[in-house]
>>> print(open('model_20.cif').read())   # mmCIF, C-alpha atoms
data_run
loop_
_atom_site.group_PDB
_atom_site.id
_atom_site.type_symbol
_atom_site.label_atom_id
_atom_site.label_comp_id
_atom_site.auth_asym_id
_atom_site.auth_seq_id
_atom_site.Cartn_x
_atom_site.Cartn_y
_atom_site.Cartn_z
ATOM 1 C CA MET A 1 -51.440 241.057 75.782
ATOM 2 C CA LYS A 2 -50.416 243.167 78.749
ATOM 3 C CA PRO A 3 -46.926 242.644 80.150
ATOM 4 C CA GLN A 4 -48.358 241.709 83.584
ATOM 5 C CA TYR A 5 -50.362 238.838 82.082
ATOM 6 C CA ILE A 6 -47.335 237.572 80.198
ATOM 7 C CA LEU A 7 -45.343 237.499 83.430
ATOM 8 C CA VAL A 8 -48.154 235.650 85.224
ATOM 9 C CA VAL A 9 -48.407 233.053 82.424
ATOM 10 C CA LEU A 10 -44.618 232.571 82.392
ATOM 11 C CA ALA A 11 -44.610 232.196 86.177
ATOM 12 C CA MET A 12 -47.365 229.563 86.003
ATOM 13 C CA LEU A 13 -45.516 227.640 83.281
ATOM 14 C CA ALA A 14 -42.286 227.749 85.282
ATOM 15 C CA LYS A 15 -44.117 226.572 88.426
ATOM 16 C CA GLY A 16 -45.620 223.639 86.503
ATOM 17 C CA ALA A 17 -42.225 222.646 85.092
ATOM 18 C CA LEU A 18 -40.659 222.758 88.566
ATOM 19 C CA ALA A 19 -43.492 220.617 89.947
ATOM 20 C CA GLN A 20 -42.905 218.016 87.231
ATOM 21 C CA GLU A 21 -39.177 217.947 87.964
ATOM 22 C CA ALA A 22 -39.863 217.541 91.694
ATOM 23 C CA THR A 23 -42.263 214.665 90.997
ATOM 24 C CA ALA A 24 -39.744 213.004 88.694
ATOM 25 C CA ALA A 25 -37.057 213.318 91.342
ATOM 26 C CA VAL A 26 -39.257 211.598 93.945
ATOM 27 C CA GLU A 27 -40.112 208.618 91.732
ATOM 28 C CA PRO A 28 -37.621 205.754 92.186
ATOM 29 C CA ALA A 29 -35.436 204.806 89.260
ATOM 30 C CA PRO A 30 -36.457 201.583 87.509
ATOM 31 C CA GLU A 31 -34.662 198.469 88.704
ATOM 32 C CA PRO A 32 -31.941 197.219 86.366
ATOM 33 C CA VAL A 33 -32.804 194.059 84.491
ATOM 34 C CA VAL A 34 -30.725 191.236 85.933
ATOM 35 C CA PRO A 35 -30.608 187.944 84.046
ATOM 36 C CA PRO A 36 -31.799 184.971 86.069
ATOM 37 C CA VAL A 37 -29.115 182.976 87.785
ATOM 38 C CA LEU A 38 -28.635 179.520 86.351
ATOM 39 C CA GLU A 39 -29.150 177.250 89.350
ATOM 40 C CA PRO A 40 -28.668 173.482 89.251
ATOM 41 C CA ILE A 41 -31.917 171.581 89.802
ATOM 42 C CA ASP A 42 -32.064 168.226 91.566
ATOM 43 C CA ALA A 43 -33.312 165.639 89.068
ATOM 44 C CA THR A 44 -35.051 163.562 91.729
ATOM 45 C CA GLY A 45 -38.770 163.602 91.029
ATOM 46 C CA LEU A 46 -38.377 165.240 87.608
ATOM 47 C CA SER A 47 -39.153 163.894 84.176
ATOM 48 C CA LEU A 48 -37.212 164.873 81.073
ATOM 49 C CA ASP A 49 -40.552 165.225 79.271
ATOM 50 C CA ALA A 50 -41.124 168.454 81.237
ATOM 51 C CA PHE A 51 -38.312 170.091 79.218
ATOM 52 C CA LEU A 52 -39.402 168.971 75.727
ATOM 53 C CA TRP A 53 -39.294 171.913 73.291
ATOM 54 C CA VAL A 54 -38.711 174.307 76.216
ATOM 55 C CA ALA A 55 -35.092 173.851 77.290
ATOM 56 C CA ARG A 56 -31.896 171.955 76.603
ATOM 57 C CA PRO A 57 -31.133 169.960 79.754
ATOM 58 C CA ILE A 58 -27.563 169.298 80.781
ATOM 59 C CA VAL A 59 -27.670 166.443 83.262
ATOM 60 C CA VAL A 60 -24.637 165.965 85.489
ATOM 61 C CA PHE A 61 -24.495 162.547 87.151
ATOM 62 C CA ALA A 62 -22.199 161.286 89.888
ATOM 63 C CA ASP A 63 -22.316 158.545 92.497
ATOM 64 C CA THR A 64 -21.685 161.130 95.223
ATOM 65 C CA PRO A 65 -21.646 164.955 95.394
ATOM 66 C CA ALA A 66 -18.043 164.688 96.638
ATOM 67 C CA ASP A 67 -16.840 163.380 93.245
ATOM 68 C CA PRO A 68 -14.167 165.878 92.085
ATOM 69 C CA ARG A 69 -15.308 165.580 88.453
ATOM 70 C CA PHE A 70 -18.868 166.445 89.508
ATOM 71 C CA GLN A 71 -17.671 169.494 91.430
ATOM 72 C CA GLN A 72 -15.423 170.598 88.555
ATOM 73 C CA GLN A 73 -18.266 170.244 86.033
ATOM 74 C CA LEU A 74 -20.582 172.395 88.151
ATOM 75 C CA GLU A 75 -17.853 175.027 88.548
ATOM 76 C CA LEU A 76 -17.320 175.082 84.790
ATOM 77 C CA LEU A 77 -21.053 175.391 84.082
ATOM 78 C CA LEU A 78 -21.637 178.116 86.659
ATOM 79 C CA ALA A 79 -18.610 180.136 85.516
ATOM 80 C CA ARG A 80 -20.455 181.309 82.366
ATOM 81 C CA PRO A 81 -24.202 181.125 83.044
ATOM 82 C CA GLU A 82 -25.072 183.817 80.472
ATOM 83 C CA ALA A 83 -23.854 181.717 77.540
ATOM 84 C CA LEU A 84 -25.943 178.779 78.730
ATOM 85 C CA ALA A 85 -29.027 180.890 79.502
ATOM 86 C CA ASP A 86 -28.873 182.358 75.962
ATOM 87 C CA ARG A 87 -29.199 178.807 74.667
ATOM 88 C CA ASP A 88 -32.107 177.839 76.969
ATOM 89 C CA VAL A 89 -29.997 175.427 79.008
ATOM 90 C CA VAL A 90 -31.222 173.940 82.285
ATOM 91 C CA ILE A 91 -28.746 172.195 84.600
ATOM 92 C CA LEU A 92 -30.016 169.024 86.284
ATOM 93 C CA ILE A 93 -27.962 167.127 88.848
ATOM 94 C CA ASP A 94 -28.292 163.576 90.143
ATOM 95 C CA THR A 95 -25.807 162.337 92.734
ATOM 96 C CA ASP A 96 -27.810 159.536 94.339
ATOM 97 C CA PRO A 97 -27.804 156.264 92.373
ATOM 98 C CA SER A 98 -29.931 154.536 95.027
ATOM 99 C CA ALA A 99 -32.805 157.006 94.458
ATOM 100 C CA ARG A 100 -33.343 155.558 90.956
ATOM 101 C CA SER A 101 -34.742 158.827 89.563
ATOM 102 C CA ASP A 102 -36.627 158.784 86.248
ATOM 103 C CA VAL A 103 -33.812 160.805 84.676
ATOM 104 C CA ARG A 104 -31.176 158.292 85.856
ATOM 105 C CA THR A 105 -33.312 155.353 84.727
ATOM 106 C CA GLN A 106 -33.820 156.873 81.287
ATOM 107 C CA LEU A 107 -30.185 157.940 80.647
ATOM 108 C CA ARG A 108 -28.432 155.083 82.546
ATOM 109 C CA PRO A 109 -25.112 156.731 83.502
ATOM 110 C CA ARG A 110 -22.157 154.884 85.023
ATOM 111 C CA GLY A 111 -20.364 156.921 87.655
ATOM 112 C CA PHE A 112 -19.685 160.491 86.563
ATOM 113 C CA SER A 113 -21.354 161.530 83.337
ATOM 114 C CA MET A 114 -22.389 164.776 81.679
ATOM 115 C CA VAL A 115 -25.281 164.413 79.240
ATOM 116 C CA LEU A 116 -26.595 167.163 76.960
ATOM 117 C CA LEU A 117 -30.056 166.762 75.485
ATOM 118 C CA ALA A 118 -31.610 168.709 72.611
ATOM 119 C CA LYS A 119 -34.968 170.420 72.940
ATOM 120 C CA ASP A 120 -36.580 167.439 71.198
ATOM 121 C CA GLY A 121 -35.260 165.111 73.927
ATOM 122 C CA THR A 122 -32.514 163.391 71.956
ATOM 123 C CA VAL A 123 -29.092 162.889 73.513
ATOM 124 C CA VAL A 124 -26.571 165.206 71.839
ATOM 125 C CA LEU A 125 -23.512 164.548 74.026
ATOM 126 C CA ARG A 126 -22.548 161.976 76.605
ATOM 127 C CA LYS A 127 -19.175 162.701 78.227
ATOM 128 C CA PRO A 128 -17.323 160.760 80.962
ATOM 129 C CA SER A 129 -15.247 163.824 81.927
ATOM 130 C CA PRO A 130 -16.037 167.497 82.612
ATOM 131 C CA TRP A 131 -16.523 169.792 79.637
ATOM 132 C CA ASP A 132 -16.020 173.549 79.420
ATOM 133 C CA VAL A 133 -18.956 175.854 78.586
ATOM 134 C CA ARG A 134 -17.183 176.933 75.389
ATOM 135 C CA GLU A 135 -17.165 173.340 74.141
ATOM 136 C CA ILE A 136 -20.771 172.777 75.191
ATOM 137 C CA THR A 137 -22.037 175.953 73.507
ATOM 138 C CA ARG A 138 -20.218 175.021 70.290
ATOM 139 C CA ALA A 139 -21.985 171.666 70.305
ATOM 140 C CA ILE A 140 -25.343 173.359 70.946
ATOM 141 C CA ASP A 141 -24.764 175.944 68.214
ATOM 142 C CA LYS A 142 -24.298 173.149 65.655
ATOM 143 C CA LEU A 143 -27.799 171.761 66.313
ATOM 144 C CA PRO A 144 -30.372 172.437 63.550
ATOM 145 C CA LEU A 145 -32.934 173.954 65.950
ATOM 146 C CA ARG A 146 -30.288 176.273 67.412
ATOM 147 C CA GLN A 147 -29.266 177.289 63.879
ATOM 148 C CA ASP A 148 -32.915 178.234 63.243
ATOM 149 C CA GLU A 149 -32.969 180.230 66.499
ATOM 150 C CA ILE A 150 -29.808 182.104 65.472
ATOM 151 C CA LYS A 151 -31.282 182.918 62.039
ATOM 152 C CA ALA A 152 -34.487 184.143 63.664
ATOM 153 C CA GLY A 153 -32.426 186.483 65.817
ATOM 154 C CA ARG A 154 -33.168 184.847 69.139
#
>>> encode(input="model_20.cif", output="structure tokens")
Amino acid sequence: MKPQYILVVLAMLAKGALAQEATAAVEPAPEPVVPPVLEPIDATGLSLDAFLWVARPIVVFADTPADPRFQQQLELLLARPEALADRDVVILIDTDPSARSDVRTQLRPRGFSMVLLAKDGTVVLRKPSPWDVREITRAIDKLPLRQDEIKAGR
């Protein structure tokens, strides 16, 4: 091949490489994956059946949202949302006894109460005082279904 042709081919290859770099520089970087924020859900109008085999509800009851134990429990739960999200936990709150929600009728709390349910709908824990996420996750990790999830690498 003649030296002029080689230079032309090299120039064309270099031009194509520069064009690809310019295109790559213009494209926006992919958005980082951010885990969903664990937000408390008002239990009014909900049924616990909606969470069967999907999530592990933690229901926090109080007679008023101003109850210090209620506020402390929410602070404790929201301090480590990743640990709860890894275990498919959903936080439900009910602070209005007069509303007579289905969740309140089914679980029948008295004053402040924190109730943890398994994915099959059975009550795992019922506590009259706030619990730390570490204690809650230990209780969840002892459940047979959670043990299966851990073995499966979920």
>>> atom_distance(input="model_20.cif", atom1="atom CA of Asp120 of chain A", atom2="atom CA of Trp53 of chain A")
5.6 Å
>>> resolve_selection(input="model_20.cif", expression="the PyMOL selection byres ((chain A and resi 130-147) around 6)", output="list of chain:residue names")
A:Gln73, A:Leu76, A:Leu77, A:Ser129, A:Asp148, A:Glu149, A:Ile150
>>> write_last_selection(input="model_20.cif", atoms="C-alpha atoms", output="short mmCIF file (atom, residue, chain, number, x, y, z; two decimals), keeping the file's coordinate frame")
data_model
loop_
_atom_site.label_atom_id
_atom_site.label_comp_id
_atom_site.auth_asym_id
_atom_site.auth_seq_id
_atom_site.Cartn_x
_atom_site.Cartn_y
_atom_site.Cartn_z
CA GLN A 73 -18.27 170.24 86.03
CA LEU A 76 -17.32 175.08 84.79
CA LEU A 77 -21.05 175.39 84.08
CA SER A 129 -15.25 163.82 81.93
CA ASP A 148 -32.92 178.23 63.24
CA GLU A 149 -32.97 180.23 66.50
CA ILE A 150 -29.81 182.10 65.47
#
>>> atom_distance(input="model_20.cif", atom1="atom CA of Leu38 of chain A", atom2="atom CA of Arg110 of chain A")
25.5 Å
>>> resolve_selection(input="model_20.cif", expression="the PyMOL selection byres ((chain A and resi 40) around 9)", output="PDB file with C-alpha atoms, in the coordinates of the input")
ATOM      1  CA  LEU A  38     -28.635 179.520  86.351  1.00  0.00           C
ATOM      2  CA  GLU A  39     -29.150 177.250  89.350  1.00  0.00           C
ATOM      3  CA  ILE A  41     -31.917 171.581  89.802  1.00  0.00           C
ATOM      4  CA  ASP A  42     -32.064 168.226  91.566  1.00  0.00           C
ATOM      5  CA  LEU A  74     -20.582 172.395  88.151  1.00  0.00           C
ATOM      6  CA  LEU A  78     -21.637 178.116  86.659  1.00  0.00           C
ATOM      7  CA  VAL A  90     -31.222 173.940  82.285  1.00  0.00           C
ATOM      8  CA  ILE A  91     -28.746 172.195  84.600  1.00  0.00           C
ATOM      9  CA  LEU A  92     -30.016 169.024  86.284  1.00  0.00           C
ATOM     10  CA  ILE A  93     -27.962 167.127  88.848  1.00  0.00           C
TER      11      ILE A  93
END
>>> resolve_selection(input="model_20.cif", expression="the PyMOL selection byres ((chain A and resi 87) around 8)", output="list of chain:residue names")
A:Arg56, A:Ala83, A:Leu84, A:Ala85, A:Asp86, A:Asp88, A:Val89, A:Thr137, A:Ile140, A:Arg146
>>> write_last_selection(input="model_20.cif", atoms="C-alpha atoms", output="PDB file, keeping the file's coordinate frame")
ATOM      1  CA  ARG A  56     -31.896 171.955  76.603  1.00  0.00           C
ATOM      2  CA  ALA A  83     -23.854 181.717  77.540  1.00  0.00           C
ATOM      3  CA  LEU A  84     -25.943 178.779  78.730  1.00  0.00           C
ATOM      4  CA  ALA A  85     -29.027 180.890  79.502  1.00  0.00           C
ATOM      5  CA  ASP A  86     -28.873 182.358  75.962  1.00  0.00           C
ATOM      6  CA  ASP A  88     -32.107 177.839  76.969  1.00  0.00           C
ATOM      7  CA  VAL A  89     -29.997 175.427  79.008  1.00  0.00           C
ATOM      8  CA  THR A 137     -22.037 175.953  73.507  1.00  0.00           C
ATOM      9  CA  ILE A 140     -25.343 173.359  70.946  1.00  0.00           C
ATOM     10  CA  ARG A 146     -30.288 176.273  67.412  1.00  0.00           C
TER      11      ARG A 146
END
